[in-house]
>>> print(open('target.cif').read())   # mmCIF, C-alpha atoms
data_final
loop_
_atom_site.label_atom_id
_atom_site.label_comp_id
_atom_site.auth_asym_id
_atom_site.auth_seq_id
_atom_site.Cartn_x
_atom_site.Cartn_y
_atom_site.Cartn_z
CA MET A 1 -13.64 -82.91 -55.34
CA ASP A 2 -15.98 -84.13 -58.15
CA GLY A 3 -17.08 -81.75 -60.85
CA ILE A 4 -14.29 -79.17 -60.26
CA ASP A 5 -11.86 -78.54 -63.03
CA PRO A 6 -8.30 -78.77 -61.66
CA GLN A 7 -7.31 -75.79 -63.81
CA GLN A 8 -10.13 -73.64 -62.37
CA GLU A 9 -9.19 -74.67 -58.84
CA LYS A 10 -5.59 -73.63 -59.48
CA GLU A 11 -6.65 -70.23 -60.84
CA GLN A 12 -9.01 -69.70 -57.87
CA THR A 13 -6.14 -70.40 -55.46
CA LYS A 14 -3.96 -67.81 -57.21
CA THR A 15 -6.77 -65.25 -56.97
CA ASN A 16 -7.19 -65.84 -53.20
CA ASP A 17 -3.44 -65.60 -52.63
CA ALA A 18 -3.28 -62.30 -54.53
CA LYS A 19 -6.17 -60.95 -52.47
CA ASP A 20 -4.46 -61.91 -49.23
CA ASN A 21 -1.23 -60.26 -50.37
CA ASN A 22 -3.09 -57.04 -51.22
CA GLU A 23 -4.68 -56.94 -47.75
CA GLU A 24 -1.29 -57.43 -46.09
CA ASP A 25 0.17 -54.65 -48.22
CA GLU A 26 -2.66 -52.33 -47.13
CA TRP A 27 -2.00 -53.03 -43.41
CA GLU A 28 1.72 -52.53 -43.84
CA ALA A 29 1.05 -49.24 -45.61
CA ALA A 30 -1.24 -48.15 -42.79
CA TRP A 31 1.41 -48.90 -40.12
CA SER A 32 4.03 -47.19 -42.25
CA ASP A 33 1.83 -44.07 -42.34
CA ASP A 34 1.47 -44.17 -38.56
CA ASN A 35 5.23 -44.43 -38.14
CA ASP A 36 5.74 -41.52 -40.50
CA GLU A 37 3.37 -39.41 -38.38
CA THR A 38 5.24 -40.19 -35.19
CA THR A 39 8.53 -39.14 -36.72
CA THR A 40 7.26 -35.81 -38.00
CA GLU A 41 7.18 -34.22 -34.53
CA PRO A 42 8.99 -30.88 -34.34
CA PRO A 43 12.63 -31.23 -33.31
CA PRO A 44 13.41 -30.61 -29.65
CA SER A 45 14.28 -27.08 -28.64
CA LYS A 46 17.91 -26.21 -29.05
CA THR A 47 17.79 -24.26 -25.80
CA SER A 48 20.57 -25.56 -23.65
CA PRO A 49 19.88 -26.59 -20.04
CA SER A 50 21.89 -23.63 -18.80
CA THR A 51 19.78 -21.23 -20.86
CA ALA A 52 16.55 -22.80 -19.68
CA LEU A 53 17.60 -22.25 -16.09
CA THR A 54 18.61 -18.62 -16.43
CA THR A 55 15.28 -17.43 -15.08
CA THR A 56 15.85 -19.35 -11.85
CA THR A 57 19.47 -18.48 -11.25
CA ASN A 58 20.34 -16.18 -8.38
CA PRO A 59 16.89 -16.30 -6.72
CA LYS A 60 18.11 -14.15 -3.89
CA LYS A 61 18.62 -11.07 -6.03
CA ARG A 62 15.46 -11.68 -7.97
CA LYS A 63 13.48 -11.70 -4.74
CA ILE A 64 15.08 -8.46 -3.62
CA TYR A 65 14.47 -6.77 -6.96
CA HIS A 66 10.77 -7.59 -6.88
CA ARG A 67 10.09 -6.04 -3.49
CA SER A 68 9.91 -2.48 -4.74
CA THR A 69 11.59 0.05 -6.99
CA LEU A 70 13.42 1.38 -3.95
CA ALA A 71 14.79 -2.08 -3.17
CA THR A 72 15.85 -2.53 -6.78
CA GLN A 73 17.80 0.71 -6.89
CA LEU A 74 19.42 0.16 -3.50
CA GLN A 75 20.65 -3.24 -4.67
CA GLN A 76 21.90 -1.86 -7.97
CA CYS A 77 23.77 1.03 -6.35
CA HIS A 78 25.43 -1.38 -3.95
CA ASP A 79 26.36 -3.88 -6.67
CA MET A 80 27.86 -1.16 -8.88
CA LYS A 81 29.56 0.46 -5.87
CA SER A 82 28.18 3.79 -7.06
CA SER A 83 26.67 6.80 -5.32
CA TYR A 84 23.22 6.43 -3.76
CA HIS A 85 22.18 9.82 -5.15
CA SER A 86 19.61 8.14 -7.42
CA ILE A 87 17.74 6.96 -4.30
CA THR A 88 17.22 10.53 -3.14
CA LYS A 89 16.02 11.51 -6.61
CA LEU A 90 13.61 8.54 -6.65
CA LEU A 91 11.99 9.42 -3.33
CA ALA A 92 11.66 13.04 -4.41
CA THR A 93 9.15 11.86 -7.04
CA MET A 94 7.00 10.03 -4.48
CA GLY A 95 4.36 11.15 -2.03
CA PRO A 96 4.59 10.62 1.76
CA SER A 97 2.39 7.51 1.77
CA ALA A 98 4.30 5.91 -1.10
CA ILE A 99 7.59 6.64 0.66
CA ASP A 100 6.34 4.98 3.84
CA VAL A 101 5.26 1.90 1.90
CA ALA A 102 8.58 1.68 0.05
CA ILE A 103 10.70 2.09 3.18
CA SER A 104 8.62 -0.25 5.37
CA GLY A 105 8.65 -2.92 2.64
CA LEU A 106 12.42 -3.22 2.69
CA CYS A 107 12.42 -5.69 5.58
CA ASN A 108 9.82 -7.99 7.13
CA GLY A 109 11.55 -8.70 10.42
CA THR A 110 14.74 -9.97 12.04
CA HIS A 111 14.23 -13.36 10.35
CA ASP A 112 14.42 -11.69 6.92
CA ASP A 113 18.13 -11.84 6.06
CA GLU A 114 17.61 -10.37 2.61
CA GLY A 115 15.58 -7.54 4.12
CA LEU A 116 18.29 -6.85 6.69
CA GLU A 117 20.77 -6.53 3.85
CA LEU A 118 18.49 -3.99 2.20
CA LEU A 119 18.30 -2.07 5.48
CA LEU A 120 22.08 -1.95 5.49
CA PHE A 121 22.08 -0.50 1.96
CA ALA A 122 19.45 2.03 3.07
CA THR A 123 21.56 3.14 6.05
CA GLN A 124 24.53 3.60 3.72
CA TRP A 125 22.39 5.75 1.46
CA LEU A 126 21.14 7.87 4.37
CA LEU A 127 24.65 8.37 5.75
CA GLU A 128 25.89 9.42 2.31
CA ALA A 129 22.93 11.80 1.91
CA CYS A 130 23.49 13.34 5.35
CA GLU A 131 27.16 13.95 4.59
CA SER A 132 26.30 15.59 1.27
CA ARG A 133 24.27 18.30 3.04
CA THR A 134 21.90 18.49 0.07
CA SER A 135 18.09 18.36 0.40
CA PHE A 136 18.76 18.50 4.12
CA GLU A 137 15.18 18.69 5.40
CA ALA A 138 13.96 15.93 3.07
CA ILE A 139 16.85 13.63 4.02
CA ASN A 140 16.19 14.25 7.70
CA ALA A 141 12.54 13.32 7.14
CA TYR A 142 13.54 10.10 5.35
CA LEU A 143 15.94 9.29 8.17
CA ASN A 144 13.29 9.77 10.85
CA ARG A 145 10.76 7.64 8.95
CA PHE A 146 13.33 4.91 8.39
CA LEU A 147 14.23 4.65 12.07
CA THR A 148 10.55 4.80 13.10
CA LEU A 149 9.23 2.25 10.62
CA HIS A 150 11.99 -0.26 11.38
CA SER A 151 12.31 0.42 15.10
CA ASN A 152 11.04 -3.06 16.03
CA VAL A 153 13.49 -4.76 13.67
CA ILE A 154 16.38 -2.66 14.96
CA ALA A 155 15.44 -3.34 18.58
CA GLY A 156 15.20 -7.08 17.89
CA LEU A 157 18.62 -7.46 16.31
CA ASP A 158 20.84 -9.86 18.24
CA VAL A 159 24.31 -10.32 16.81
CA ASN A 160 24.97 -13.26 19.13
CA SER A 161 21.92 -15.23 18.02
CA ASN A 162 22.80 -18.71 16.73
CA SER A 163 19.25 -19.58 15.74
CA THR A 164 18.28 -20.58 12.21
CA ASN A 165 15.23 -19.64 10.22
CA GLU A 166 12.35 -22.11 10.00
CA GLY A 167 13.15 -25.02 7.69
CA GLU A 168 16.79 -23.96 7.39
CA GLU A 169 19.64 -26.33 8.22
CA ARG A 170 22.32 -25.10 10.56
CA ASP A 171 25.26 -23.75 8.59
CA GLU A 172 28.14 -22.22 10.52
CA ARG A 173 29.28 -20.13 7.56
CA LYS A 174 25.78 -18.77 7.06
CA LEU A 175 25.48 -18.00 10.76
CA GLU A 176 28.78 -16.14 10.69
CA LYS A 177 27.68 -14.16 7.64
CA ARG A 178 24.39 -13.32 9.38
CA LYS A 179 26.25 -12.16 12.49
CA LYS A 180 28.58 -9.97 10.42
CA LEU A 181 25.60 -8.40 8.60
CA ARG A 182 23.83 -7.58 11.85
CA MET A 183 26.94 -6.09 13.41
CA GLU A 184 27.49 -3.87 10.38
CA LEU A 185 23.84 -2.84 10.34
CA LEU A 186 23.86 -1.95 14.03
CA SER A 187 27.05 0.05 13.52
CA THR A 188 25.62 2.13 10.66
CA ILE A 189 22.37 2.65 12.57
CA GLY A 190 24.44 4.03 15.45
CA GLU A 191 26.02 6.47 13.00
CA LEU A 192 22.57 7.40 11.74
CA ARG A 193 21.38 8.23 15.25
CA VAL A 194 24.33 10.57 15.64
CA ALA A 195 23.48 12.16 12.30
CA GLN A 196 19.86 12.45 13.39
CA LYS A 197 20.85 14.38 16.52
CA GLY A 198 23.13 16.64 14.52
CA ALA A 199 20.36 17.33 12.03
CA ALA A 200 17.95 18.22 14.83
CA VAL A 201 20.43 20.77 16.19
CA LEU A 202 20.99 22.32 12.75
CA LEU A 203 17.26 22.59 12.07
CA LYS A 204 16.77 24.48 15.34
CA GLU A 205 19.38 27.06 14.44
#
>>> encode(input="target.cif", output="structure tokens")
Amino acid sequence: MDGIDPQQEKEQTKTNDAKDNNEEDEWEAAWSDDNDETTTEPPPSKTSPSTALTTTTNPKKRKIYHRSTLATQLQQCHDMKSSYHSITKLLATMGPSAIDVAISGLCNGTHDDEGLELLLFATQWLLEACESRTSFEAINAYLNRFLTLHSNVIAGLDVNSNSTNEGEERDERKLEKRKKLRMELLSTIGELRVAQKGAAVLLKE
């Protein structure tokens, strides 16, 4: 072009190139900052999968434990294969209404397998308490309330039932376990009824 000094044009070109390079450097620095931010996230928790799942393991026992203090102690005594004496001591600290609530809450019906297991533990406690001959009147009262509050469940037990609970797939091993539980429960309840009659005779004397 006329009137433009070649030397000036060359210097102007260098200036423009330097400006462009500076702008590119600024963008690269900006992206580098963004990348640095994304890599500064806190490291993942070192909690192993097995540890994270500990609160959901063994849901059956957790469900039993949360029914009531009575249910918790019955389960613990059974698991430790220890005396049920602590159950008698627990109920001695409770009023009649609280005892009714605790006993009735052990089982919600014949469909409640976990509840039926708790009833079995309760019958074992009552039989042990009757044989100990301690706190006789109180134990007899607990026994009568137990049989009264769960009379419908006891009457509805059918050891030969092959039905499954709602939403449950048929499992022969589970059905056999359920049948065994019901047979054992009915057997101990029969023993309790004998103990109940014996207690009534003793109280009349």
>>> resolve_selection(input="target.cif", expression="the PyMOL selection byres ((chain A and resi 73-76) around 8)", output="list of chain:residue names")
A:Ile64, A:Tyr65, A:Thr69, A:Leu70, A:Ala71, A:Thr72, A:Cys77, A:His78, A:Asp79, A:Met80, A:Tyr84, A:Ser86, A:Ile87, A:Leu118, A:Phe121, A:Ala122
>>> atom_distance(input="target.cif", atom1="CA of Ser104 (chain A)", atom2="CA of Leu202 (chain A)")
26.8 Å
>>> atom_distance(input="target.cif", atom1="CA of Asp113 (chain A)", atom2="CA of Asn140 (chain A)")
26.2 Å
>>> atom_distance(input="target.cif", atom1="CA of Lys197 (chain A)", atom2="CA of Glu137 (chain A)")
13.2 Å
>>> resolve_selection(input="target.cif", expression="the PyMOL selection byres ((chain A and resi 116) around 12)", output="JSON, numbers by chain")
{"A": [64, 71, 104, 105, 106, 107, 108, 109, 110, 111, 112, 113, 114, 115, 117, 118, 119, 120, 121, 122, 123, 150, 153, 154, 156, 157, 177, 178, 179, 180, 181, 182, 183, 184, 185, 186, 189]}
>>> residues_near_point(input="target.cif", point="(24.2, 9.1, 4.0)", cutoff="12 Å", atoms="only C-alpha atoms", output="ChimeraX atom specification")
/A:83-85,87-88,120-136,139-140,142-143,188-189,191-196
>>> axis_aligned_box(input="target.cif", around="region 142-152 of chain A", padding_each_side="8 Å", output="lines of an AutoDock Vina configuration file")
center_x = 12.6
center_y = 3.5
center_z = 10.7
size_x = 22.7
size_y = 29.2
size_z = 26.7
>>> decode(input="target.cif", residues="region 55-184 of chain A", atoms="C-alpha atoms", output="PDB file, in the first residue's frame")
ATOM      1  CA  THR A  55     -26.887 -50.347  59.056  1.00  0.00           C
ATOM      2  CA  THR A  56     -28.967 -52.451  56.669  1.00  0.00           C
ATOM      3  CA  THR A  57     -27.620 -55.868  57.510  1.00  0.00           C
ATOM      4  CA  ASN A  58     -29.846 -58.302  59.361  1.00  0.00           C
ATOM      5  CA  PRO A  59     -33.071 -56.301  58.901  1.00  0.00           C
ATOM      6  CA  LYS A  60     -35.056 -58.999  60.607  1.00  0.00           C
ATOM      7  CA  LYS A  61     -33.450 -58.470  64.002  1.00  0.00           C
ATOM      8  CA  ARG A  62     -33.491 -54.726  63.628  1.00  0.00           C
ATOM      9  CA  LYS A  63     -37.228 -54.820  63.053  1.00  0.00           C
ATOM     10  CA  ILE A  64     -37.754 -56.976  66.121  1.00  0.00           C
ATOM     11  CA  TYR A  65     -35.563 -54.772  68.290  1.00  0.00           C
ATOM     12  CA  HIS A  66     -37.521 -51.656  67.388  1.00  0.00           C
ATOM     13  CA  ARG A  67     -40.922 -53.027  68.371  1.00  0.00           C
ATOM     14  CA  SER A  68     -40.490 -52.430  72.082  1.00  0.00           C
ATOM     15  CA  THR A  69     -38.079 -52.788  74.970  1.00  0.00           C
ATOM     16  CA  LEU A  70     -39.788 -56.059  75.846  1.00  0.00           C
ATOM     17  CA  ALA A  71     -39.193 -57.400  72.341  1.00  0.00           C
ATOM     18  CA  THR A  72     -35.569 -56.301  72.485  1.00  0.00           C
ATOM     19  CA  GLN A  73     -34.877 -58.096  75.748  1.00  0.00           C
ATOM     20  CA  LEU A  74     -36.716 -61.253  74.712  1.00  0.00           C
ATOM     21  CA  GLN A  75     -34.597 -61.421  71.565  1.00  0.00           C
ATOM     22  CA  GLN A  76     -31.381 -60.776  73.474  1.00  0.00           C
ATOM     23  CA  CYS A  77     -32.111 -63.409  76.120  1.00  0.00           C
ATOM     24  CA  HIS A  78     -32.851 -65.936  73.403  1.00  0.00           C
ATOM     25  CA  ASP A  79     -29.731 -65.083  71.377  1.00  0.00           C
ATOM     26  CA  MET A  80     -27.485 -65.321  74.443  1.00  0.00           C
ATOM     27  CA  LYS A  81     -29.276 -68.480  75.617  1.00  0.00           C
ATOM     28  CA  SER A  82     -29.521 -66.899  79.053  1.00  0.00           C
ATOM     29  CA  SER A  83     -32.213 -66.783  81.719  1.00  0.00           C
ATOM     30  CA  TYR A  84     -35.323 -64.706  81.036  1.00  0.00           C
ATOM     31  CA  HIS A  85     -35.232 -63.306  84.576  1.00  0.00           C
ATOM     32  CA  SER A  86     -34.516 -59.813  83.206  1.00  0.00           C
ATOM     33  CA  ILE A  87     -37.944 -59.849  81.517  1.00  0.00           C
ATOM     34  CA  THR A  88     -39.695 -60.287  84.845  1.00  0.00           C
ATOM     35  CA  LYS A  89     -37.621 -57.461  86.324  1.00  0.00           C
ATOM     36  CA  LEU A  90     -38.476 -55.222  83.350  1.00  0.00           C
ATOM     37  CA  LEU A  91     -42.227 -55.719  83.656  1.00  0.00           C
ATOM     38  CA  ALA A  92     -42.036 -55.095  87.399  1.00  0.00           C
ATOM     39  CA  THR A  93     -41.060 -51.495  86.579  1.00  0.00           C
ATOM     40  CA  MET A  94     -44.085 -50.956  84.322  1.00  0.00           C
ATOM     41  CA  GLY A  95     -47.710 -50.145  84.986  1.00  0.00           C
ATOM     42  CA  PRO A  96     -50.640 -52.356  83.883  1.00  0.00           C
ATOM     43  CA  SER A  97     -51.404 -50.309  80.754  1.00  0.00           C
ATOM     44  CA  ALA A  98     -47.760 -50.250  79.672  1.00  0.00           C
ATOM     45  CA  ILE A  99     -47.523 -54.006  80.193  1.00  0.00           C
ATOM     46  CA  ASP A 100     -50.597 -54.576  78.027  1.00  0.00           C
ATOM     47  CA  VAL A 101     -49.136 -52.417  75.261  1.00  0.00           C
ATOM     48  CA  ALA A 102     -45.768 -54.182  75.415  1.00  0.00           C
ATOM     49  CA  ILE A 103     -47.263 -57.679  75.380  1.00  0.00           C
ATOM     50  CA  SER A 104     -49.865 -56.970  72.682  1.00  0.00           C
ATOM     51  CA  GLY A 105     -47.218 -55.342  70.467  1.00  0.00           C
ATOM     52  CA  LEU A 106     -45.157 -58.511  70.247  1.00  0.00           C
ATOM     53  CA  CYS A 107     -47.191 -59.909  67.358  1.00  0.00           C
ATOM     54  CA  ASN A 108     -49.562 -58.413  64.789  1.00  0.00           C
ATOM     55  CA  GLY A 109     -51.239 -61.605  63.607  1.00  0.00           C
ATOM     56  CA  THR A 110     -50.651 -65.072  62.181  1.00  0.00           C
ATOM     57  CA  HIS A 111     -49.053 -63.508  59.087  1.00  0.00           C
ATOM     58  CA  ASP A 112     -46.357 -61.919  61.275  1.00  0.00           C
ATOM     59  CA  ASP A 113     -43.597 -64.546  61.343  1.00  0.00           C
ATOM     60  CA  GLU A 114     -41.242 -62.337  63.323  1.00  0.00           C
ATOM     61  CA  GLY A 115     -43.998 -61.648  65.830  1.00  0.00           C
ATOM     62  CA  LEU A 116     -44.749 -65.360  66.173  1.00  0.00           C
ATOM     63  CA  GLU A 117     -41.097 -65.920  66.991  1.00  0.00           C
ATOM     64  CA  LEU A 118     -41.340 -63.285  69.705  1.00  0.00           C
ATOM     65  CA  LEU A 119     -44.426 -65.021  71.081  1.00  0.00           C
ATOM     66  CA  LEU A 120     -42.387 -68.207  71.288  1.00  0.00           C
ATOM     67  CA  PHE A 121     -39.687 -66.393  73.272  1.00  0.00           C
ATOM     68  CA  ALA A 122     -42.395 -64.956  75.540  1.00  0.00           C
ATOM     69  CA  THR A 123     -43.863 -68.406  76.218  1.00  0.00           C
ATOM     70  CA  GLN A 124     -40.388 -69.670  77.098  1.00  0.00           C
ATOM     71  CA  TRP A 125     -39.994 -66.788  79.533  1.00  0.00           C
ATOM     72  CA  LEU A 126     -43.385 -67.454  81.138  1.00  0.00           C
ATOM     73  CA  LEU A 127     -42.682 -71.176  81.498  1.00  0.00           C
ATOM     74  CA  GLU A 128     -39.311 -70.427  83.101  1.00  0.00           C
ATOM     75  CA  ALA A 129     -40.939 -67.890  85.441  1.00  0.00           C
ATOM     76  CA  CYS A 130     -43.700 -70.316  86.440  1.00  0.00           C
ATOM     77  CA  GLU A 131     -41.158 -73.021  87.243  1.00  0.00           C
ATOM     78  CA  SER A 132     -39.116 -70.614  89.365  1.00  0.00           C
ATOM     79  CA  ARG A 133     -42.075 -70.051  91.719  1.00  0.00           C
ATOM     80  CA  THR A 134     -40.942 -66.465  92.314  1.00  0.00           C
ATOM     81  CA  SER A 135     -43.268 -63.445  92.051  1.00  0.00           C
ATOM     82  CA  PHE A 136     -45.998 -66.030  91.619  1.00  0.00           C
ATOM     83  CA  GLU A 137     -49.028 -63.732  91.529  1.00  0.00           C
ATOM     84  CA  ALA A 138     -47.373 -61.268  89.140  1.00  0.00           C
ATOM     85  CA  ILE A 139     -46.257 -64.048  86.788  1.00  0.00           C
ATOM     86  CA  ASN A 140     -49.743 -65.533  86.803  1.00  0.00           C
ATOM     87  CA  ALA A 141     -51.143 -62.108  85.895  1.00  0.00           C
ATOM     88  CA  TYR A 142     -48.658 -61.767  83.017  1.00  0.00           C
ATOM     89  CA  LEU A 143     -49.560 -65.248  81.828  1.00  0.00           C
ATOM     90  CA  ASN A 144     -53.288 -64.513  81.829  1.00  0.00           C
ATOM     91  CA  ARG A 145     -52.794 -61.225  79.961  1.00  0.00           C
ATOM     92  CA  PHE A 146     -50.537 -62.892  77.412  1.00  0.00           C
ATOM     93  CA  LEU A 147     -53.047 -65.620  76.601  1.00  0.00           C
ATOM     94  CA  THR A 148     -55.932 -63.102  76.506  1.00  0.00           C
ATOM     95  CA  LEU A 149     -54.230 -60.484  74.338  1.00  0.00           C
ATOM     96  CA  HIS A 150     -53.001 -63.046  71.803  1.00  0.00           C
ATOM     97  CA  SER A 151     -55.995 -65.370  71.905  1.00  0.00           C
ATOM     98  CA  ASN A 152     -56.958 -64.580  68.298  1.00  0.00           C
ATOM     99  CA  VAL A 153     -53.430 -65.242  67.045  1.00  0.00           C
ATOM    100  CA  ILE A 154     -53.222 -68.507  68.980  1.00  0.00           C
ATOM    101  CA  ALA A 155     -56.626 -69.636  67.722  1.00  0.00           C
ATOM    102  CA  GLY A 156     -55.650 -68.806  64.132  1.00  0.00           C
ATOM    103  CA  LEU A 157     -52.426 -70.800  64.081  1.00  0.00           C
ATOM    104  CA  ASP A 158     -52.472 -73.543  61.467  1.00  0.00           C
ATOM    105  CA  VAL A 159     -49.329 -75.651  61.314  1.00  0.00           C
ATOM    106  CA  ASN A 160     -50.469 -77.263  58.066  1.00  0.00           C
ATOM    107  CA  SER A 161     -50.932 -73.981  56.214  1.00  0.00           C
ATOM    108  CA  ASN A 162     -48.890 -73.789  53.004  1.00  0.00           C
ATOM    109  CA  SER A 163     -49.882 -70.224  52.213  1.00  0.00           C
ATOM    110  CA  THR A 164     -47.347 -67.433  51.754  1.00  0.00           C
ATOM    111  CA  ASN A 165     -47.496 -63.857  52.929  1.00  0.00           C
ATOM    112  CA  GLU A 166     -48.531 -61.158  50.457  1.00  0.00           C
ATOM    113  CA  GLY A 167     -45.771 -60.392  47.956  1.00  0.00           C
ATOM    114  CA  GLU A 168     -43.694 -63.353  49.134  1.00  0.00           C
ATOM    115  CA  GLU A 169     -42.489 -66.025  46.736  1.00  0.00           C
ATOM    116  CA  ARG A 170     -43.133 -69.622  47.640  1.00  0.00           C
ATOM    117  CA  ASP A 171     -40.100 -71.107  49.354  1.00  0.00           C
ATOM    118  CA  GLU A 172     -40.346 -74.668  50.631  1.00  0.00           C
ATOM    119  CA  ARG A 173     -37.576 -74.162  53.183  1.00  0.00           C
ATOM    120  CA  LYS A 174     -39.271 -71.046  54.515  1.00  0.00           C
ATOM    121  CA  LEU A 175     -42.599 -72.850  54.694  1.00  0.00           C
ATOM    122  CA  GLU A 176     -41.004 -75.701  56.619  1.00  0.00           C
ATOM    123  CA  LYS A 177     -39.369 -73.257  59.027  1.00  0.00           C
ATOM    124  CA  ARG A 178     -42.722 -71.504  59.509  1.00  0.00           C
ATOM    125  CA  LYS A 179     -44.445 -74.819  60.210  1.00  0.00           C
ATOM    126  CA  LYS A 180     -41.775 -75.788  62.748  1.00  0.00           C
ATOM    127  CA  LEU A 181     -42.123 -72.413  64.513  1.00  0.00           C
ATOM    128  CA  ARG A 182     -45.891 -72.745  64.773  1.00  0.00           C
ATOM    129  CA  MET A 183     -45.701 -76.292  66.075  1.00  0.00           C
ATOM    130  CA  GLU A 184     -43.206 -75.263  68.752  1.00  0.00           C
TER     131      GLU A 184
END
